[in-house]
$ cat coords_9.cif   # mmCIF, C-alpha atoms
data_data
loop_
_atom_site.group_PDB
_atom_site.id
_atom_site.type_symbol
_atom_site.label_atom_id
_atom_site.label_comp_id
_atom_site.auth_asym_id
_atom_site.auth_seq_id
_atom_site.Cartn_x
_atom_site.Cartn_y
_atom_site.Cartn_z
ATOM 1 C CA MET A 1 22.335 -2.273 -26.247
ATOM 2 C CA THR A 2 20.452 1.044 -25.868
ATOM 3 C CA SER A 3 18.974 0.814 -29.376
ATOM 4 C CA TYR A 4 17.823 -2.750 -28.727
ATOM 5 C CA ALA A 5 16.225 -1.745 -25.409
ATOM 6 C CA ASN A 6 14.470 1.215 -27.029
ATOM 7 C CA ALA A 7 13.143 -0.964 -29.855
ATOM 8 C CA ARG A 8 11.927 -3.546 -27.370
ATOM 9 C CA SER A 9 10.051 -0.957 -25.283
ATOM 10 C CA LEU A 10 8.616 0.918 -28.272
ATOM 11 C CA LEU A 11 6.022 -1.804 -28.843
ATOM 12 C CA VAL A 12 4.731 -1.337 -25.276
ATOM 13 C CA TYR A 13 4.246 2.385 -25.921
ATOM 14 C CA PHE A 14 2.321 1.662 -29.136
ATOM 15 C CA VAL A 15 0.025 -0.647 -27.159
ATOM 16 C CA LEU A 16 -0.436 2.034 -24.479
ATOM 17 C CA PHE A 17 -1.352 4.552 -27.176
ATOM 18 C CA ILE A 18 -4.052 2.215 -28.505
ATOM 19 C CA ILE A 19 -5.358 1.638 -24.966
ATOM 20 C CA ALA A 20 -5.409 5.422 -24.430
ATOM 21 C CA GLN A 21 -7.606 5.896 -27.492
ATOM 22 C CA VAL A 22 -10.045 3.204 -26.344
ATOM 23 C CA PHE A 23 -10.002 4.791 -22.878
ATOM 24 C CA THR A 24 -10.847 8.181 -24.421
ATOM 25 C CA VAL A 25 -13.825 6.808 -26.353
ATOM 26 C CA ILE A 26 -15.221 5.145 -23.206
ATOM 27 C CA LEU A 27 -14.772 8.305 -21.116
ATOM 28 C CA VAL A 28 -16.362 10.516 -23.772
ATOM 29 C CA MET A 29 -19.434 8.270 -23.785
ATOM 30 C CA ASP A 30 -19.451 8.294 -19.985
ATOM 31 C CA ALA A 31 -19.134 12.111 -19.860
ATOM 32 C CA ILE A 32 -22.093 12.485 -22.236
ATOM 33 C CA ILE A 33 -24.254 10.066 -20.254
ATOM 34 C CA GLN A 34 -23.327 11.631 -16.898
ATOM 35 C CA LYS A 35 -23.420 15.220 -18.236
ATOM 36 C CA ASN A 36 -19.952 15.710 -16.737
ATOM 37 C CA THR A 37 -18.609 19.006 -18.110
ATOM 38 C CA ILE A 38 -15.411 18.819 -16.045
ATOM 39 C CA GLN A 39 -14.605 15.412 -17.532
ATOM 40 C CA LEU A 40 -15.103 16.819 -21.041
ATOM 41 C CA ILE A 41 -12.590 19.598 -20.309
ATOM 42 C CA ALA A 42 -10.083 17.071 -18.915
ATOM 43 C CA LEU A 43 -10.557 14.827 -21.961
ATOM 44 C CA ALA A 44 -9.919 17.751 -24.302
ATOM 45 C CA ALA A 45 -6.588 18.357 -22.533
ATOM 46 C CA PHE A 46 -5.856 14.605 -22.596
ATOM 47 C CA GLU A 47 -6.517 14.442 -26.360
ATOM 48 C CA LEU A 48 -4.209 17.395 -26.933
ATOM 49 C CA GLY A 49 -1.496 15.578 -24.980
ATOM 50 C CA MET A 50 -2.029 12.432 -27.042
ATOM 51 C CA SER A 51 -1.717 14.486 -30.236
ATOM 52 C CA VAL A 52 1.622 15.853 -29.041
ATOM 53 C CA TYR A 53 2.719 12.317 -28.164
ATOM 54 C CA THR A 54 2.181 11.197 -31.792
ATOM 55 C CA ILE A 55 5.019 13.574 -32.722
ATOM 56 C CA ILE A 56 7.213 12.107 -29.975
ATOM 57 C CA GLN A 57 6.284 8.634 -31.198
ATOM 58 C CA TYR A 58 7.391 9.504 -34.727
ATOM 59 C CA HIS A 59 10.665 10.888 -33.382
ATOM 60 C CA GLN A 60 11.241 7.712 -31.362
ATOM 61 C CA SER A 61 10.747 5.504 -34.413
ATOM 62 C CA SER A 62 12.837 7.632 -36.786
ATOM 63 C CA THR A 63 15.802 7.901 -34.378
ATOM 64 C CA LEU A 64 15.669 4.331 -33.083
ATOM 65 C CA PHE A 65 18.941 3.340 -34.783
ATOM 66 C CA SER A 66 20.548 6.758 -35.050
ATOM 67 C CA ASN A 67 23.897 5.641 -33.613
ATOM 68 C CA VAL A 68 25.413 4.383 -36.890
ATOM 69 C CA ASP A 69 28.887 4.245 -35.299
ATOM 70 C CA ASP A 70 27.743 1.170 -33.376
ATOM 71 C CA PRO A 71 28.659 -1.897 -35.512
ATOM 72 C CA ASN A 72 25.538 -3.771 -34.375
ATOM 73 C CA VAL A 73 23.318 -0.852 -35.399
ATOM 74 C CA PHE A 74 25.122 -0.648 -38.740
ATOM 75 C CA LEU A 75 24.451 -4.343 -39.396
ATOM 76 C CA VAL A 76 20.767 -3.914 -38.515
ATOM 77 C CA LEU A 77 20.435 -0.979 -40.909
ATOM 78 C CA GLN A 78 22.180 -2.913 -43.662
ATOM 79 C CA PHE A 79 19.843 -5.853 -43.125
ATOM 80 C CA LEU A 80 16.672 -3.739 -43.065
ATOM 81 C CA GLY A 81 17.595 -1.523 -45.982
ATOM 82 C CA SER A 82 14.591 0.444 -47.273
ATOM 83 C CA ALA A 83 12.304 -1.451 -44.875
ATOM 84 C CA TYR A 84 13.651 0.588 -41.944
ATOM 85 C CA HIS A 85 10.938 2.943 -40.699
ATOM 86 C CA ALA A 86 8.647 1.947 -43.558
ATOM 87 C CA SER A 87 5.727 2.945 -41.336
ATOM 88 C CA SER A 88 6.672 6.640 -41.440
ATOM 89 C CA TRP A 89 3.801 7.480 -43.823
ATOM 90 C CA ALA A 90 1.297 5.909 -41.407
ATOM 91 C CA GLU A 91 2.774 7.777 -38.436
ATOM 92 C CA ILE A 92 2.650 11.130 -40.272
ATOM 93 C CA THR A 93 -0.971 10.407 -41.218
ATOM 94 C CA GLN A 94 -1.662 9.574 -37.582
ATOM 95 C CA ILE A 95 -0.235 12.931 -36.479
ATOM 96 C CA CYS A 96 -2.470 14.828 -38.909
ATOM 97 C CA VAL A 97 -5.575 12.813 -38.016
ATOM 98 C CA MET A 98 -4.980 13.257 -34.268
ATOM 99 C CA PHE A 99 -4.593 17.049 -34.463
ATOM 100 C CA VAL A 100 -7.639 17.475 -36.729
ATOM 101 C CA SER A 101 -9.664 15.153 -34.483
ATOM 102 C CA THR A 102 -8.562 17.091 -31.388
ATOM 103 C CA ILE A 103 -9.717 20.396 -32.905
ATOM 104 C CA VAL A 104 -13.098 18.853 -33.775
ATOM 105 C CA PHE A 105 -13.333 17.287 -30.307
ATOM 106 C CA VAL A 106 -12.639 20.612 -28.561
ATOM 107 C CA PHE A 107 -15.368 22.308 -30.636
ATOM 108 C CA LEU A 108 -17.928 19.577 -29.915
ATOM 109 C CA ALA A 109 -16.938 19.498 -26.236
ATOM 110 C CA TYR A 110 -17.595 23.242 -26.026
ATOM 111 C CA LYS A 111 -21.071 22.782 -27.577
ATOM 112 C CA LEU A 112 -21.839 19.982 -25.109
ATOM 113 C CA TYR A 113 -20.537 22.146 -22.274
ATOM 114 C CA LEU A 114 -23.128 24.787 -23.152
ATOM 115 C CA GLU A 115 -25.897 22.190 -23.420
ATOM 116 C CA PHE A 116 -25.087 20.386 -20.174
ATOM 117 C CA GLY A 117 -25.405 23.585 -18.110
ATOM 118 C CA TRP A 118 -29.202 23.531 -18.366
ATOM 119 C CA GLN A 119 -29.366 19.788 -17.766
ATOM 120 C CA ILE A 120 -27.337 20.189 -14.579
ATOM 121 C CA TYR A 121 -29.645 22.985 -13.447
ATOM 122 C CA LYS A 122 -32.645 20.682 -13.808
ATOM 123 C CA LYS A 123 -30.858 17.945 -11.878
ATOM 124 C CA ILE A 124 -29.405 19.948 -8.989
ATOM 125 C CA GLY A 125 -31.394 23.168 -8.860
ATOM 126 C CA ALA A 126 -30.155 26.691 -8.107
ATOM 127 C CA ASP A 127 -28.732 26.073 -4.614
ATOM 128 C CA LEU A 128 -25.147 27.383 -4.787
ATOM 129 C CA ALA A 129 -23.926 25.121 -1.982
ATOM 130 C CA MET A 130 -25.383 22.074 -3.723
ATOM 131 C CA ARG A 131 -23.770 23.214 -6.964
ATOM 132 C CA ASP A 132 -20.351 23.277 -5.281
ATOM 133 C CA ARG A 133 -20.925 19.804 -3.833
ATOM 134 C CA TYR A 134 -21.887 18.462 -7.245
ATOM 135 C CA LYS A 135 -18.803 20.087 -8.770
ATOM 136 C CA MET A 136 -16.540 18.276 -6.305
ATOM 137 C CA TYR A 137 -18.460 15.059 -6.981
ATOM 138 C CA GLN A 138 -17.699 15.396 -10.711
ATOM 139 C CA ILE A 139 -14.045 16.290 -10.110
ATOM 140 C CA PHE A 140 -13.472 13.279 -7.861
ATOM 141 C CA MET A 141 -15.226 10.937 -10.311
ATOM 142 C CA MET A 142 -13.062 12.259 -13.125
ATOM 143 C CA LEU A 143 -9.885 11.828 -11.060
ATOM 144 C CA LEU A 144 -10.780 8.199 -10.291
ATOM 145 C CA LYS A 145 -11.063 7.428 -14.016
ATOM 146 C CA PHE A 146 -7.733 9.030 -14.863
ATOM 147 C CA ASP A 147 -6.183 7.286 -11.835
ATOM 148 C CA PHE A 148 -7.279 4.002 -13.355
ATOM 149 C CA PHE A 149 -5.675 4.720 -16.736
ATOM 150 C CA PHE A 150 -2.324 5.954 -15.436
ATOM 151 C CA PHE A 151 -2.090 3.253 -12.749
ATOM 152 C CA LEU A 152 -2.819 0.705 -15.486
ATOM 153 C CA GLY A 153 -0.272 2.329 -17.800
ATOM 154 C CA PHE A 154 2.510 2.054 -15.230
ATOM 155 C CA SER A 155 1.547 -1.532 -14.349
ATOM 156 C CA ILE A 156 1.598 -2.651 -18.007
ATOM 157 C CA GLN A 157 5.057 -1.181 -18.554
ATOM 158 C CA TYR A 158 6.545 -2.684 -15.420
ATOM 159 C CA LEU A 159 4.922 -6.085 -15.979
ATOM 160 C CA ALA A 160 6.304 -6.080 -19.533
ATOM 161 C CA LEU A 161 9.790 -5.487 -18.129
ATOM 162 C CA LEU A 162 9.422 -8.261 -15.554
ATOM 163 C CA ILE A 163 7.826 -10.922 -17.762
ATOM 164 C CA VAL A 164 9.108 -10.153 -21.264
ATOM 165 C CA VAL A 165 12.599 -8.812 -20.530
ATOM 166 C CA TRP A 166 14.044 -9.642 -17.112
ATOM 167 C CA LEU A 167 12.572 -13.098 -16.505
ATOM 168 C CA PRO A 168 13.803 -14.653 -19.815
ATOM 169 C CA GLU A 169 17.231 -13.042 -19.305
ATOM 170 C CA SER A 170 17.698 -14.471 -15.795
ATOM 171 C CA THR A 171 20.470 -17.062 -15.918
ATOM 172 C CA ASP A 172 20.319 -18.685 -12.496
ATOM 173 C CA ASP A 173 17.741 -19.730 -9.927
ATOM 174 C CA GLY A 174 18.626 -16.872 -7.577
ATOM 175 C CA SER A 175 17.964 -14.097 -10.096
ATOM 176 C CA ARG A 176 14.836 -15.862 -11.363
ATOM 177 C CA SER A 177 13.515 -16.143 -7.795
ATOM 178 C CA THR A 178 14.222 -12.437 -7.211
ATOM 179 C CA ILE A 179 12.295 -11.440 -10.339
ATOM 180 C CA ILE A 180 9.359 -13.681 -9.415
ATOM 181 C CA ASN A 181 9.270 -12.055 -5.973
ATOM 182 C CA GLU A 182 9.279 -8.609 -7.640
ATOM 183 C CA LEU A 183 6.434 -9.760 -9.887
ATOM 184 C CA ILE A 184 4.325 -10.906 -6.935
ATOM 185 C CA GLU A 185 5.148 -7.717 -5.018
ATOM 186 C CA HIS A 186 4.109 -5.554 -7.973
ATOM 187 C CA ILE A 187 0.865 -7.458 -8.592
ATOM 188 C CA ILE A 188 -0.140 -7.112 -4.925
ATOM 189 C CA LEU A 189 1.061 -3.559 -4.192
ATOM 190 C CA SER A 190 0.270 -1.954 -7.531
ATOM 191 C CA CYS A 191 -2.407 -3.926 -9.357
ATOM 192 C CA VAL A 192 -4.566 -5.345 -6.537
ATOM 193 C CA VAL A 193 -4.248 -2.415 -4.108
ATOM 194 C CA SER A 194 -4.897 0.145 -6.864
ATOM 195 C CA VAL A 195 -7.998 -1.645 -8.165
ATOM 196 C CA VAL A 196 -9.427 -2.125 -4.657
ATOM 197 C CA MET A 197 -8.640 1.502 -3.816
ATOM 198 C CA LEU A 198 -10.445 2.845 -6.890
ATOM 199 C CA ILE A 199 -13.473 0.579 -6.346
ATOM 200 C CA LEU A 200 -13.722 1.745 -2.719
ATOM 201 C CA GLY A 201 -13.476 5.387 -3.793
ATOM 202 C CA TYR A 202 -16.123 5.001 -6.501
ATOM 203 C CA TRP A 203 -18.569 3.019 -4.358
ATOM 204 C CA GLY A 204 -18.022 5.217 -1.316
ATOM 205 C CA LEU A 205 -18.754 8.368 -3.302
ATOM 206 C CA ARG A 206 -21.811 6.965 -5.061
ATOM 207 C CA ARG A 207 -23.367 5.643 -1.845
ATOM 208 C CA GLU A 208 -21.890 8.178 0.594
ATOM 209 C CA LEU A 209 -20.196 5.445 2.618
ATOM 210 C CA LYS A 210 -17.645 7.047 4.929
ATOM 211 C CA ILE A 211 -15.745 3.849 5.783
ATOM 212 C CA HIS A 212 -15.086 3.265 2.076
ATOM 213 C CA MET A 213 -13.690 6.786 1.694
ATOM 214 C CA TYR A 214 -11.469 6.371 4.765
ATOM 215 C CA LEU A 215 -10.098 3.146 3.280
ATOM 216 C CA PHE A 216 -9.575 4.914 -0.044
ATOM 217 C CA ILE A 217 -7.489 7.594 1.680
ATOM 218 C CA VAL A 218 -5.375 4.999 3.535
ATOM 219 C CA LEU A 219 -4.759 2.924 0.381
ATOM 220 C CA SER A 220 -3.949 6.097 -1.568
ATOM 221 C CA MET A 221 -1.168 6.879 0.889
ATOM 222 C CA ALA A 222 0.070 3.271 0.614
ATOM 223 C CA SER A 223 0.113 3.580 -3.192
ATOM 224 C CA MET A 224 1.994 6.868 -2.923
ATOM 225 C CA ALA A 225 4.647 5.165 -0.768
ATOM 226 C CA TYR A 226 5.004 2.363 -3.355
ATOM 227 C CA PHE A 227 5.314 4.827 -6.249
ATOM 228 C CA ILE A 228 8.001 6.783 -4.373
ATOM 229 C CA TYR A 229 9.835 3.509 -3.751
ATOM 230 C CA MET A 230 9.663 2.594 -7.459
ATOM 231 C CA LEU A 231 10.838 6.064 -8.500
ATOM 232 C CA THR A 232 13.793 5.685 -6.158
ATOM 233 C CA GLN A 233 14.653 2.274 -7.634
ATOM 234 C CA ILE A 234 14.602 3.691 -11.174
ATOM 235 C CA SER A 235 16.837 6.605 -10.131
ATOM 236 C CA LEU A 236 19.333 4.362 -8.334
ATOM 237 C CA ASN A 237 19.476 1.694 -11.103
ATOM 238 C CA PRO A 238 19.127 3.551 -14.437
ATOM 239 C CA GLU A 239 21.043 0.874 -16.374
ATOM 240 C CA ARG A 240 18.426 -1.705 -15.403
ATOM 241 C CA PHE A 241 15.646 0.381 -16.965
ATOM 242 C CA ILE A 242 17.330 1.270 -20.250
ATOM 243 C CA GLY A 243 14.691 2.029 -22.859
ATOM 244 C CA SER A 244 11.886 2.379 -20.318
ATOM 245 C CA ARG A 245 13.260 4.759 -17.694
ATOM 246 C CA VAL A 246 11.829 7.990 -19.165
ATOM 247 C CA PHE A 247 8.256 6.799 -19.566
ATOM 248 C CA LEU A 248 8.201 4.818 -16.329
ATOM 249 C CA THR A 249 9.324 7.976 -14.528
ATOM 250 C CA PHE A 250 6.695 10.024 -16.367
ATOM 251 C CA PHE A 251 3.860 7.646 -15.453
ATOM 252 C CA LEU A 252 5.026 7.441 -11.835
ATOM 253 C CA CYS A 253 5.114 11.238 -11.547
ATOM 254 C CA VAL A 254 1.632 11.543 -13.073
ATOM 255 C CA ASP A 255 0.368 8.825 -10.709
ATOM 256 C CA MET A 256 1.719 10.719 -7.703
ATOM 257 C CA VAL A 257 0.238 14.024 -8.898
ATOM 258 C CA LEU A 258 -3.147 12.332 -9.375
ATOM 259 C CA ILE A 259 -3.003 10.883 -5.858
ATOM 260 C CA LEU A 260 -2.099 14.317 -4.469
ATOM 261 C CA ALA A 261 -5.152 15.705 -6.284
ATOM 262 C CA SER A 262 -7.434 12.797 -5.342
ATOM 263 C CA LEU A 263 -6.720 12.925 -1.593
ATOM 264 C CA PRO A 264 -7.993 16.483 -0.925
ATOM 265 C CA ALA A 265 -10.893 15.909 -3.343
ATOM 266 C CA ALA A 266 -11.832 12.762 -1.387
ATOM 267 C CA ILE A 267 -11.699 14.657 1.918
ATOM 268 C CA ILE A 268 -13.903 17.458 0.563
ATOM 269 C CA CYS A 269 -16.389 14.940 -0.859
ATOM 270 C CA LEU A 270 -16.372 13.135 2.490
ATOM 271 C CA ARG A 271 -17.295 16.378 4.263
ATOM 272 C CA ASN A 272 -20.126 16.882 1.760
ATOM 273 C CA PHE A 273 -21.821 13.609 2.725
ATOM 274 C CA ASN A 274 -25.302 13.714 4.291
ATOM 275 C CA HIS A 275 -26.170 17.091 2.753
ATOM 276 C CA GLY A 276 -28.711 15.841 0.225
ATOM 277 C CA LEU A 277 -26.550 15.499 -2.901
ATOM 278 C CA ILE A 278 -27.106 11.746 -3.127
ATOM 279 C CA ASN A 279 -30.844 12.326 -3.440
ATOM 280 C CA HIS A 280 -30.371 14.557 -6.483
ATOM 281 C CA ILE A 281 -27.978 12.108 -8.141
ATOM 282 C CA SER A 282 -30.013 8.996 -7.365
ATOM 283 C CA HIS A 283 -33.498 10.260 -8.187
ATOM 284 C CA ALA A 284 -32.919 12.692 -11.024
ATOM 285 C CA THR A 285 -31.457 12.373 -14.506
ATOM 286 C CA GLY A 286 -30.588 14.991 -17.045
ATOM 287 C CA ASN A 287 -33.451 13.957 -19.313
ATOM 288 C CA THR A 288 -36.289 13.431 -16.844
ATOM 289 C CA ALA A 289 -35.578 15.689 -13.866
ATOM 290 C CA VAL A 290 -38.071 18.425 -13.162
ATOM 291 C CA ALA A 291 -36.559 21.863 -12.768
ATOM 292 C CA MET A 292 -36.371 22.813 -9.124
ATOM 293 C CA GLN A 293 -37.361 26.216 -7.768
ATOM 294 C CA PRO A 294 -34.353 28.337 -6.707
ATOM 295 C CA THR A 295 -34.114 28.886 -2.976
ATOM 296 C CA GLY A 296 -34.006 32.432 -1.698
ATOM 297 C CA LEU A 297 -34.328 33.973 -5.176
ATOM 298 C CA GLY A 298 -38.094 34.302 -5.540
ATOM 299 C CA SER A 299 -40.289 32.331 -7.870
ATOM 300 C CA LYS A 300 -38.678 33.448 -11.119
ATOM 301 C CA ILE A 301 -36.311 30.935 -12.680
ATOM 302 C CA ASN A 302 -33.322 32.318 -14.499
ATOM 303 C CA THR A 303 -33.468 30.871 -17.991
ATOM 304 C CA ASN A 304 -29.843 31.711 -18.780
ATOM 305 C CA ARG A 305 -27.339 28.902 -18.941
ATOM 306 C CA TRP A 306 -26.450 27.531 -15.508
ATOM 307 C CA SER A 307 -22.930 26.161 -15.096
ATOM 308 C CA ILE A 308 -20.959 24.564 -12.300
ATOM 309 C CA GLU A 309 -17.993 26.888 -12.368
#
$ encode --input "coords_9.cif" --output "structure tokens"
Amino acid sequence: MTSYANARSLLVYFVLFIIAQVFTVILVMDAIIQKNTIQLIALAAFELGMSVYTIIQYHQSSTLFSNVDDPNVFLVLQFLGSAYHASSWAEITQICVMFVSTIVFVFLAYKLYLEFGWQIYKKIGADLAMRDRYKMYQIFMMLLKFDFFFFLGFSIQYLALLIVVWLPESTDDGSRSTIINELIEHIILSCVVSVVMLILGYWGLRRELKIHMYLFIVLSMASMAYFIYMLTQISLNPERFIGSRVFLTFFLCVDMVLILASLPAAIICLRNFNHGLINHISHATGNTAVAMQPTGLGSKINTNRWSIE
């Protein structure tokens, strides 16, 4: 039963890995366009984590039917023969490619980090207070994007359980009705609320709309309550989540950590409204902005690299 559940959930994790790679490409392009050095650093850490996961993925596939004492597992291995784990060569190649690509990515990210410092100086100027505001702006934007991925990752896994596993296995109208109610509850509380919350946070930050940020904070707390509820359900009913419990718990914990990071960042960004940052972001770009004179430092511009640390 455990081996079957693990095999059934493994496909979902392969799909999530593919989505993560597409997500990385999109965010790298976005970081380059927005000159977001903090996002580049976060993506380097994310790529390193994905490289480590390729090893875990290989271990999952190679030990999928390790319990040979189980007669059902023995029959499956006899039926598959040499075809069992025939993809091992591709998975080993994937591990090597991911680690080499991560090393190259870290090097290129460092070069871009050096380049973007001057571009940020031309956009924001030498005002230290404005620099700190822009840093929080970048951090909150980056958190919103990672919120989206990990919220989506949890939703895909749980929807797969509801639609692909539990709904077909329901034998009576009562259990089927319960699962449909869970499906509707998840779509409303997780999918819809999360998407609306992230849109409000993004639009509120870009336009400095306080009501949008207040709504983002309220919906973030509602999402945190739902994630705690789901984590409790997984802990109380581990047999129901066989094959998916570990990664569902992991994604829920990451989601809660991201919300705990996003809430104070949102409050700080909210306090930074109406201090002129929106004018710099709206009317200047990294390619066309004219370097601004430093305030309080004389007329000489420091030509050394300017960063946002």
$ closest_residue --input "coords_9.cif" --among "A:Val28, A:Leu263, A:Ile33, A:Phe17" --to "Met50 (chain A)" --atoms "only C-alpha atoms"
A:Phe17
$ residues_around --input "coords_9.cif" --residues "Gln157 (chain A)" --least-positions-apart "2" --cutoff "9 Å" --atoms "all atoms listed in the file" --output "list in words"
Ser9, Val12, Tyr13, Leu16, Leu152, Gly153, Phe154, Ser155, Leu159, Ala160, Leu161, Leu162, Ser244, Phe247 and Leu248 of chain A
$ write_last_selection --input "coords_9.cif" --atoms "C-alpha atoms" --output "compact mmCIF listing (two decimals), in the frame of the given file"
# COMPACT_ATOMS: atom_id res chain seq x y z
CA SER A 9 10.05 -0.96 -25.28
CA VAL A 12 4.73 -1.34 -25.28
CA TYR A 13 4.25 2.38 -25.92
CA LEU A 16 -0.44 2.03 -24.48
CA LEU A 152 -2.82 0.70 -15.49
CA GLY A 153 -0.27 2.33 -17.80
CA PHE A 154 2.51 2.05 -15.23
CA SER A 155 1.55 -1.53 -14.35
CA LEU A 159 4.92 -6.08 -15.98
CA ALA A 160 6.30 -6.08 -19.53
CA LEU A 161 9.79 -5.49 -18.13
CA LEU A 162 9.42 -8.26 -15.55
CA SER A 244 11.89 2.38 -20.32
CA PHE A 247 8.26 6.80 -19.57
CA LEU A 248 8.20 4.82 -16.33
$ residues_around --input "coords_9.cif" --residues "region 234-240 of chain A" --least-positions-apart "6" --cutoff "10 Å" --atoms "only C-alpha atoms" --output "MDAnalysis selection string"
chainID A and resid 2 161 166 228 246 248:249
$ residues_around --input "coords_9.cif" --residues "Lys35 (chain A)" --least-positions-apart "2" --cutoff "9 Å" --atoms "all atoms listed in the file" --output "MDAnalysis selection string"
chainID A and resid 30:33 37 39:40 112:113 116:117 119:120 286
$ closest_residue --input "coords_9.cif" --among "A:Leu48, A:Ala109, A:Leu43, A:Ile217" --to "Ile95 (chain A)" --atoms "all atoms listed in the file"
A:Leu48
$ atom_distance --input "coords_9.cif" --atom1 "CA of Leu252 (chain A)" --atom2 "CA of Tyr229 (chain A)"
10.2 Å
$ residues_around --input "coords_9.cif" --residues "Phe149 (chain A)" --least-positions-apart "5" --cutoff "9 Å" --atoms "all atoms listed in the file" --output "list in words"
Ile19, Ala20, Phe23, Leu144 and Phe154 of chain A
$ resolve_selection --input "coords_9.cif" --expression "the PyMOL selection byres ((chain A and resi 54) around 9)" --output "list of chain:residue names"
A:Phe17, A:Gly49, A:Met50, A:Ser51, A:Val52, A:Tyr53, A:Ile55, A:Ile56, A:Gln57, A:Tyr58, A:His59, A:Glu91, A:Ile92, A:Gln94, A:Ile95, A:Met98
$ axis_aligned_box --input "coords_9.cif" --around "region 198-212 of chain A" --padding-each-side "3 Å" --output "lines of an AutoDock Vina configuration file"
center_x = -16.9
center_y = 4.5
center_z = -0.6
size_x = 18.9
size_y = 13.8
size_z = 18.7
$ closest_residue --input "coords_9.cif" --among "A:Met141, A:Val106, A:Cys269, A:Val164" --to "Tyr214 (chain A)" --atoms "all atoms listed in the file"
A:Cys269
$ atom_distance --input "coords_9.cif" --atom1 "CA of Leu189 (chain A)" --atom2 "CA of Ile18 (chain A)"
25.5 Å
$ resolve_selection --input "coords_9.cif" --expression "the PyMOL selection byres ((chain A and resi 197-211) around 12)" --output "NGL selection string"
:A and (133-134 or 136-149 or 151-152 or 189-196 or 212-224 or 259 or 262-263 or 265-282)
$ atom_distance --input "coords_9.cif" --atom1 "CA of Glu115 (chain A)" --atom2 "CA of Leu27 (chain A)"
17.9 Å
$ closest_residue --input "coords_9.cif" --among "A:Ile38, A:Leu10, A:Val104, A:Ala44" --to "Ser62 (chain A)" --atoms "all atoms listed in the file"
A:Leu10
